[in-house]
Amino acid sequence: MFRRFFRRARDVTLCAHTVKKKHALGSGVIVSKDGYLLTNSHVVDKATQIDVTLSDKTRIQGAPLFGADPKTDIAVLKIDATNLPTLTVRG
């Protein structure tokens, strides 16, 4: 249903690793050309490593968590990439 709103943004898949070797999978969207991603806070909660796979199968290991707000379930990650297609957010 929401695909029509996110056509221009590159889809991302997240794999969050925890100390107990559990994995959490999630999704996110790229919101800046220099690699900032939005995802759900519960996906990356307690993660010791976050790996990101872009829709073109490019894999980025160890994406740092830039910030998270569990109350709103939003988290921001930063990947080392440039000139990425982005989701335009307007308020």
# chains A, B, ... in the order shown; residues from 1 in each chain; ligands from 1
>>> residues_around(residues="Ile30 in chain A", least_positions_apart="3", cutoff="10 Å", atoms="only C-alpha atoms", output="PyMOL selection string")
chain A and resi 8-12+33-39+54+76-79+84-88
>>> residues_around(residues="range 40-48 of chain A", least_positions_apart="6", cutoff="10 Å", atoms="only C-alpha atoms", output="number ranges by chain")
A: 14-28, 62, 64-65, 67-77
>>> select_by_dssp(residues="chain A", states="strand (DSSP E)", output="count of residues only")
37
>>> select_by_dssp(residues="chain A", states="alpha helix (DSSP H)", output="compact mmCIF listing (two decimals) with N, CA, C and O atoms, in the first residue's frame")
# COMPACT_ATOMS: atom_id res chain seq x y z
N SER A 41 12.76 2.01 16.29
CA SER A 41 13.63 1.87 17.45
C SER A 41 13.65 0.44 17.99
O SER A 41 14.70 -0.06 18.38
N HIS A 42 12.50 -0.24 17.96
CA HIS A 42 12.46 -1.60 18.52
C HIS A 42 13.30 -2.59 17.70
O HIS A 42 13.72 -3.60 18.22
N VAL A 43 13.59 -2.28 16.45
CA VAL A 43 14.40 -3.16 15.62
C VAL A 43 15.87 -3.13 16.06
O VAL A 43 16.54 -4.14 16.08
N VAL A 44 16.35 -1.96 16.43
CA VAL A 44 17.76 -1.80 16.77
C VAL A 44 18.01 -1.77 18.28
O VAL A 44 19.15 -1.68 18.71
>>> residues_around(residues="Val52 in chain A", least_positions_apart="5", cutoff="6 Å", atoms="only C-alpha atoms", output="PyMOL selection string")
chain A and resi 13-14+59-60
